[in-house]
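Chemist: Just passing along the structure, written as C-alpha cells.
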Amino acid sequence: MFTLFTDRYGGVSAPPYDFLNFGDHVGDELSSVSSNRDALVARVGPTVFMNQVHGDAFAVVTSSTIATPTCDALITTVSGINLAVQVADCIPLLIASDGVVAAVHVGRKGLCNDITQKVLTEMVRLGGRNFRAWMGPHICGRCYEVSQDIYDEVVAKYPAARSQSAQGTLALDLAKALYGVLDSFDVQVDPSHICTHESPDHFSYRRDGKTGRSVGVISL
Ligand SMILES: [Zn+2]
C-alpha cells in the first residue's frame, strides 16, 4: 500500500501555477500539466486522474488505461493502479483497507452529498476490511470563512463543522465533520495539520484564485 500528498514544488508549471500543478482545467499550459503528470507516473507508476465536479459519483477502476472518468472518487481492488484526487483547499481523502483503496475529493459539496459514506459503503461491498484513512493538507476551520446561508446549510447537517474565523466571522471546519463520518464507519484517521490557505508551500484557491492543484495518491 502506498500513499502520497504533493505540495507545489518539483514541477515545471509557470506562475501562478508554480510549480507542480496537476490540474488541466485551471488555465495552465497543458504541456506543463502533462509533464508534471508524466513525472508522477515515472515515480509511482500508472495513475488514474478524475474530472472532478463536486458531485457524489465514484468510479471503480480496474485498468489504468481508461478514459479519465468524471466523478469525485476512485476505488480499486487492483494493485499497482494509483488513484489521484486533485485539490486546492478541499480535503484529499485517501482510504485504505484489506484489498480495496479509494481516493476521495471532499469539499463542502462532497461533505453534504455524502460522497464519503457512498465510497465506504461500496468499499465494504467489495470486501474491504480494517479501514484507515489519511486527510491531506486542506483549508482549516479558522480560514474557511463562509456566508450565513452556506454556514446554516452545512451546520444543519453536520453540527461538528461549526467554526469561527480568526476575525470572529462564520466559518466551517470540514475536516472535523469528516472525522465524524469516518468514525461512524470505524475508520482510523491520520490527519494533516497543514492548512493550504496558510501554507505558502501549497496551492490555495481561496487565497490565490488562479492557482494549481496538488494531488493525494493511493494504491494497493
Ligand atoms: Zn488555516
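Note on naming: chains are A, B, ... as they come in the C-alpha cells, residues start from 1 per chain, ligands start from 1 in the order shown.
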Could I get the residue neighbourhood of ligand 1 at 6 Å, counting only C-alpha atoms and all ligand atoms, as a ChimeraX atom specification?
Modeler: /A:139-140,142-143,195,197-198
Chemist: So which residues touch A:Asn51 within 7 Å, counting only C-alpha atoms, skipping near sequence neighbours fewer than 5 positions away, as a list in words?
Modeler: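 Near A:Asn51, the qualifying residues are Thr68, Pro69, Thr70 and Cys71 of chain A.
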Chemist: Using only C-alpha atoms, which residue out of A:Gln86, A:Val146, A:Ile75, A:His138 lies closest to A:Thr121?
Modeler: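 Closest to A:Thr121, using only C-alpha atoms: A:Ile75.
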Chemist: With a distance cut-off of 9 Å and only C-alpha atoms, select the neighbouring residues of A:Phe203, excluding the residue or stretch itself and same-chain residues fewer than 4 positions from it, and output the selection as a count of residues only.
Modeler: 17
Chemist: Smallest atom-to-atom distance to A:Leu220: which of A:Gly55, A:Gly99, A:Gly141, A:Gly128, using only C-alpha atoms?
Modeler: A:Gly99
Chemist: Given the choices A:Leu40, A:Val100, A:Asp173, A:Cys112, which gets closest to A:Ala156 if the distance is worked out from only C-alpha atoms?
Modeler: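 Looking only at the distances to A:Ala156, the closest residue turns out to be A:Cys112.
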Chemist: Looking at only C-alpha atoms, which of A:Tyr205, A:Phe58, A:Phe2, A:Phe19 is the one that sits closest to A:Met123?
Modeler: A:Phe58
Chemist: For a test of reading the model, state the distance in Å between atom CA of A:Ile218 and atom CA of A:Thr3, rounded to one decimal.
Modeler: 4.4 Å
Chemist: So which residues touch stretch 91-95 of chain A within 6 Å, counting only C-alpha atoms, skipping near sequence neighbours fewer than 2 positions away, as a VMD selection string?
Modeler: chain A and resid 101 to 106 132 to 136 138 216
Chemist: Could you take the residues named above and write them with N, CA and C atoms, as a JSON list (two decimals), in the first residue's frame?
Modeler:
[["chain", "number", "residue", "atom", "x", "y", "z"],
["A", 101, "VAL", "N", -8.80, 0.17, -2.04],
["A", 101, "VAL", "CA", -8.38, 1.52, -1.67],
["A", 101, "VAL", "C", -9.23, 2.53, -2.44],
["A", 102, "ALA", "N", -9.24, 3.78, -1.93],
["A", 102, "ALA", "CA", -10.01, 4.84, -2.58],
["A", 102, "ALA", "C", -9.36, 6.19, -2.38],
["A", 103, "ALA", "N", -9.58, 7.08, -3.38],
["A", 103, "ALA", "CA", -9.18, 8.48, -3.29],
["A", 103, "ALA", "C", -10.45, 9.31, -3.46],
["A", 104, "VAL", "N", -10.71, 10.22, -2.51],
["A", 104, "VAL", "CA", -11.98, 10.93, -2.49],
["A", 104, "VAL", "C", -11.76, 12.43, -2.39],
["A", 105, "HIS", "N", -12.53, 13.19, -3.18],
["A", 105, "HIS", "CA", -12.50, 14.65, -3.18],
["A", 105, "HIS", "C", -13.60, 15.14, -2.24],
["A", 106, "VAL", "N", -13.20, 15.67, -1.07],
["A", 106, "VAL", "CA", -14.19, 16.10, -0.09],
["A", 106, "VAL", "C", -14.10, 17.60, 0.14],
["A", 132, "ARG", "N", -8.48, 2.36, 7.24],
["A", 132, "ARG", "CA", -7.83, 3.54, 7.79],
["A", 132, "ARG", "C", -7.76, 4.60, 6.71],
["A", 133, "ALA", "N", -7.56, 5.85, 7.13],
["A", 133, "ALA", "CA", -7.65, 6.95, 6.17],
["A", 133, "ALA", "C", -6.63, 8.04, 6.48],
["A", 134, "TRP", "N", -6.30, 8.79, 5.45],
["A", 134, "TRP", "CA", -5.41, 9.94, 5.56],
["A", 134, "TRP", "C", -6.12, 11.15, 4.95],
["A", 135, "MET", "N", -6.14, 12.24, 5.72],
["A", 135, "MET", "CA", -6.63, 13.50, 5.18],
["A", 135, "MET", "C", -5.41, 14.34, 4.86],
["A", 136, "GLY", "N", -5.26, 14.75, 3.61],
["A", 136, "GLY", "CA", -4.12, 15.58, 3.23],
["A", 136, "GLY", "C", -4.36, 17.03, 3.57],
["A", 138, "HIS", "N", -5.44, 20.76, 3.73],
["A", 138, "HIS", "CA", -6.71, 21.36, 3.31],
["A", 138, "HIS", "C", -6.91, 22.66, 4.08],
["A", 216, "GLY", "N", -3.49, 13.96, -3.93],
["A", 216, "GLY", "CA", -3.31, 12.86, -2.99],
["A", 216, "GLY", "C", -3.36, 11.60, -3.84]]
Chemist: From a backbone DSSP assignment, name each residue in stretch 34-185 of chain A labelled strand (DSSP E), as a PDB file with N, CA and C atoms, in the first residue's frame.
Modeler:
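What landed in result_16.pdb:
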ATOM      1  N   THR A  47      -1.214   5.990 -13.153  1.00  0.00           N
ATOM      2  CA  THR A  47      -2.059   6.778 -12.258  1.00  0.00           C
ATOM      3  C   THR A  47      -3.328   7.220 -12.979  1.00  0.00           C
ATOM      4  N   VAL A  48      -4.468   7.047 -12.329  1.00  0.00           N
ATOM      5  CA  VAL A  48      -5.747   7.483 -12.886  1.00  0.00           C
ATOM      6  C   VAL A  48      -6.154   8.783 -12.202  1.00  0.00           C
ATOM      7  N   PHE A  58     -18.767   7.983  -7.890  1.00  0.00           N
ATOM      8  CA  PHE A  58     -17.438   7.376  -7.818  1.00  0.00           C
ATOM      9  C   PHE A  58     -17.280   6.424  -8.989  1.00  0.00           C
ATOM     10  N   ALA A  59     -16.042   6.076  -9.311  1.00  0.00           N
ATOM     11  CA  ALA A  59     -15.767   5.092 -10.358  1.00  0.00           C
ATOM     12  C   ALA A  59     -14.920   3.984  -9.751  1.00  0.00           C
ATOM     13  N   VAL A  60     -15.312   2.729 -10.022  1.00  0.00           N
ATOM     14  CA  VAL A  60     -14.491   1.583  -9.622  1.00  0.00           C
ATOM     15  C   VAL A  60     -13.583   1.266 -10.804  1.00  0.00           C
ATOM     16  N   VAL A  61     -12.271   1.400 -10.557  1.00  0.00           N
ATOM     17  CA  VAL A  61     -11.284   1.337 -11.631  1.00  0.00           C
ATOM     18  C   VAL A  61     -10.620  -0.039 -11.648  1.00  0.00           C
ATOM     19  N   ALA A  73     -14.600  10.468  -6.816  1.00  0.00           N
ATOM     20  CA  ALA A  73     -13.896   9.441  -6.038  1.00  0.00           C
ATOM     21  C   ALA A  73     -13.549   8.273  -6.940  1.00  0.00           C
ATOM     22  N   LEU A  74     -12.394   7.682  -6.669  1.00  0.00           N
ATOM     23  CA  LEU A  74     -11.948   6.493  -7.393  1.00  0.00           C
ATOM     24  C   LEU A  74     -11.729   5.377  -6.385  1.00  0.00           C
ATOM     25  N   ILE A  75     -12.113   4.169  -6.786  1.00  0.00           N
ATOM     26  CA  ILE A  75     -11.954   2.982  -5.933  1.00  0.00           C
ATOM     27  C   ILE A  75     -11.291   1.905  -6.775  1.00  0.00           C
ATOM     28  N   THR A  76     -10.383   1.132  -6.184  1.00  0.00           N
ATOM     29  CA  THR A  76      -9.864  -0.029  -6.911  1.00  0.00           C
ATOM     30  C   THR A  76      -9.541  -1.189  -5.975  1.00  0.00           C
ATOM     31  N   ASN A  82      -2.509   3.534  -9.345  1.00  0.00           N
ATOM     32  CA  ASN A  82      -2.552   4.684  -8.444  1.00  0.00           C
ATOM     33  C   ASN A  82      -3.795   5.516  -8.729  1.00  0.00           C
ATOM     34  N   LEU A  83      -4.463   5.934  -7.665  1.00  0.00           N
ATOM     35  CA  LEU A  83      -5.664   6.769  -7.768  1.00  0.00           C
ATOM     36  C   LEU A  83      -5.311   8.161  -7.278  1.00  0.00           C
ATOM     37  N   ALA A  84      -5.615   9.190  -8.093  1.00  0.00           N
ATOM     38  CA  ALA A  84      -5.233  10.562  -7.731  1.00  0.00           C
ATOM     39  C   ALA A  84      -6.451  11.452  -7.556  1.00  0.00           C
ATOM     40  N   VAL A  85      -6.476  12.199  -6.460  1.00  0.00           N
ATOM     41  CA  VAL A  85      -7.505  13.215  -6.227  1.00  0.00           C
ATOM     42  C   VAL A  85      -6.818  14.578  -6.194  1.00  0.00           C
ATOM     43  N   GLN A  86      -7.382  15.556  -6.953  1.00  0.00           N
ATOM     44  CA  GLN A  86      -6.785  16.890  -7.048  1.00  0.00           C
ATOM     45  C   GLN A  86      -7.485  17.862  -6.097  1.00  0.00           C
ATOM     46  N   VAL A  87      -6.695  18.726  -5.482  1.00  0.00           N
ATOM     47  CA  VAL A  87      -7.258  19.702  -4.546  1.00  0.00           C
ATOM     48  C   VAL A  87      -6.474  21.013  -4.534  1.00  0.00           C
ATOM     49  N   ILE A  91     -10.482  18.741   0.918  1.00  0.00           N
ATOM     50  CA  ILE A  91      -9.758  17.669   1.607  1.00  0.00           C
ATOM     51  C   ILE A  91      -9.483  16.517   0.642  1.00  0.00           C
ATOM     52  N   PRO A  92      -8.190  16.189   0.422  1.00  0.00           N
ATOM     53  CA  PRO A  92      -7.883  14.976  -0.329  1.00  0.00           C
ATOM     54  C   PRO A  92      -7.905  13.809   0.651  1.00  0.00           C
ATOM     55  N   LEU A  93      -8.917  12.960   0.528  1.00  0.00           N
ATOM     56  CA  LEU A  93      -9.105  11.852   1.472  1.00  0.00           C
ATOM     57  C   LEU A  93      -8.684  10.545   0.815  1.00  0.00           C
ATOM     58  N   LEU A  94      -7.718   9.874   1.423  1.00  0.00           N
ATOM     59  CA  LEU A  94      -7.271   8.567   0.941  1.00  0.00           C
ATOM     60  C   LEU A  94      -7.727   7.518   1.935  1.00  0.00           C
ATOM     61  N   ILE A  95      -8.345   6.449   1.436  1.00  0.00           N
ATOM     62  CA  ILE A  95      -8.855   5.393   2.320  1.00  0.00           C
ATOM     63  C   ILE A  95      -8.240   4.061   1.905  1.00  0.00           C
ATOM     64  N   ALA A  96      -7.685   3.355   2.885  1.00  0.00           N
ATOM     65  CA  ALA A  96      -7.104   2.035   2.626  1.00  0.00           C
ATOM     66  C   ALA A  96      -7.865   0.988   3.417  1.00  0.00           C
ATOM     67  N   VAL A 101      -8.803   0.166  -2.038  1.00  0.00           N
ATOM     68  CA  VAL A 101      -8.385   1.519  -1.675  1.00  0.00           C
ATOM     69  C   VAL A 101      -9.233   2.533  -2.444  1.00  0.00           C
ATOM     70  N   ALA A 102      -9.237   3.778  -1.930  1.00  0.00           N
ATOM     71  CA  ALA A 102     -10.012   4.836  -2.584  1.00  0.00           C
ATOM     72  C   ALA A 102      -9.358   6.192  -2.381  1.00  0.00           C
ATOM     73  N   ALA A 103      -9.582   7.077  -3.377  1.00  0.00           N
ATOM     74  CA  ALA A 103      -9.178   8.479  -3.285  1.00  0.00           C
ATOM     75  C   ALA A 103     -10.445   9.309  -3.465  1.00  0.00           C
ATOM     76  N   VAL A 104     -10.706  10.218  -2.508  1.00  0.00           N
ATOM     77  CA  VAL A 104     -11.982  10.926  -2.486  1.00  0.00           C
ATOM     78  C   VAL A 104     -11.759  12.435  -2.394  1.00  0.00           C
ATOM     79  N   HIS A 105     -12.531  13.192  -3.179  1.00  0.00           N
ATOM     80  CA  HIS A 105     -12.497  14.653  -3.180  1.00  0.00           C
ATOM     81  C   HIS A 105     -13.600  15.145  -2.240  1.00  0.00           C
ATOM     82  N   VAL A 106     -13.196  15.667  -1.072  1.00  0.00           N
ATOM     83  CA  VAL A 106     -14.191  16.100  -0.088  1.00  0.00           C
ATOM     84  C   VAL A 106     -14.101  17.602   0.140  1.00  0.00           C
ATOM     85  N   ARG A 132      -8.479   2.356   7.237  1.00  0.00           N
ATOM     86  CA  ARG A 132      -7.834   3.540   7.790  1.00  0.00           C
ATOM     87  C   ARG A 132      -7.757   4.600   6.706  1.00  0.00           C
ATOM     88  N   ALA A 133      -7.562   5.854   7.135  1.00  0.00           N
ATOM     89  CA  ALA A 133      -7.647   6.948   6.167  1.00  0.00           C
ATOM     90  C   ALA A 133      -6.632   8.036   6.478  1.00  0.00           C
ATOM     91  N   TRP A 134      -6.301   8.790   5.453  1.00  0.00           N
ATOM     92  CA  TRP A 134      -5.411   9.935   5.559  1.00  0.00           C
ATOM     93  C   TRP A 134      -6.115  11.146   4.953  1.00  0.00           C
ATOM     94  N   MET A 135      -6.144  12.235   5.721  1.00  0.00           N
ATOM     95  CA  MET A 135      -6.635  13.504   5.175  1.00  0.00           C
ATOM     96  C   MET A 135      -5.408  14.342   4.858  1.00  0.00           C
ATOM     97  N   ARG A 162     -19.255  23.457  12.650  1.00  0.00           N
ATOM     98  CA  ARG A 162     -19.373  24.824  13.170  1.00  0.00           C
ATOM     99  C   ARG A 162     -17.999  25.382  13.551  1.00  0.00           C
ATOM    100  N   SER A 163     -17.646  26.526  12.987  1.00  0.00           N
ATOM    101  CA  SER A 163     -16.355  27.126  13.322  1.00  0.00           C
ATOM    102  C   SER A 163     -16.441  28.642  13.194  1.00  0.00           C
ATOM    103  N   GLN A 164     -15.322  29.273  13.567  1.00  0.00           N
ATOM    104  CA  GLN A 164     -15.256  30.733  13.546  1.00  0.00           C
ATOM    105  C   GLN A 164     -13.918  31.127  12.952  1.00  0.00           C
ATOM    106  N   LEU A 170     -18.327  33.765  10.626  1.00  0.00           N
ATOM    107  CA  LEU A 170     -18.746  32.376  10.432  1.00  0.00           C
ATOM    108  C   LEU A 170     -17.756  31.619   9.552  1.00  0.00           C
ATOM    109  N   ALA A 171     -17.441  30.414   9.968  1.00  0.00           N
ATOM    110  CA  ALA A 171     -16.508  29.587   9.205  1.00  0.00           C
ATOM    111  C   ALA A 171     -16.902  28.123   9.374  1.00  0.00           C
ATOM    112  N   LEU A 172     -16.345  27.285   8.499  1.00  0.00           N
ATOM    113  CA  LEU A 172     -16.636  25.848   8.539  1.00  0.00           C
ATOM    114  C   LEU A 172     -15.360  25.044   8.708  1.00  0.00           C
TER     115      LEU A 172
END
Chemist: Please identify the helix (DSSP H, G or I) residues within stretch 6-214 of chain A (assignment by DSSP from backbone atoms) and present them as a ChimeraX atom specification.
Modeler: /A:30-44,108-112,115-125,148-157,159-161,174-184,205-208
Chemist: Record the distance separating atom CA of A:Phe185 and atom CA of A:Tyr144, expressed in Å with one decimal.
Modeler: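 Atom CA of A:Phe185 sits 26.0 Å away from atom CA of A:Tyr144.
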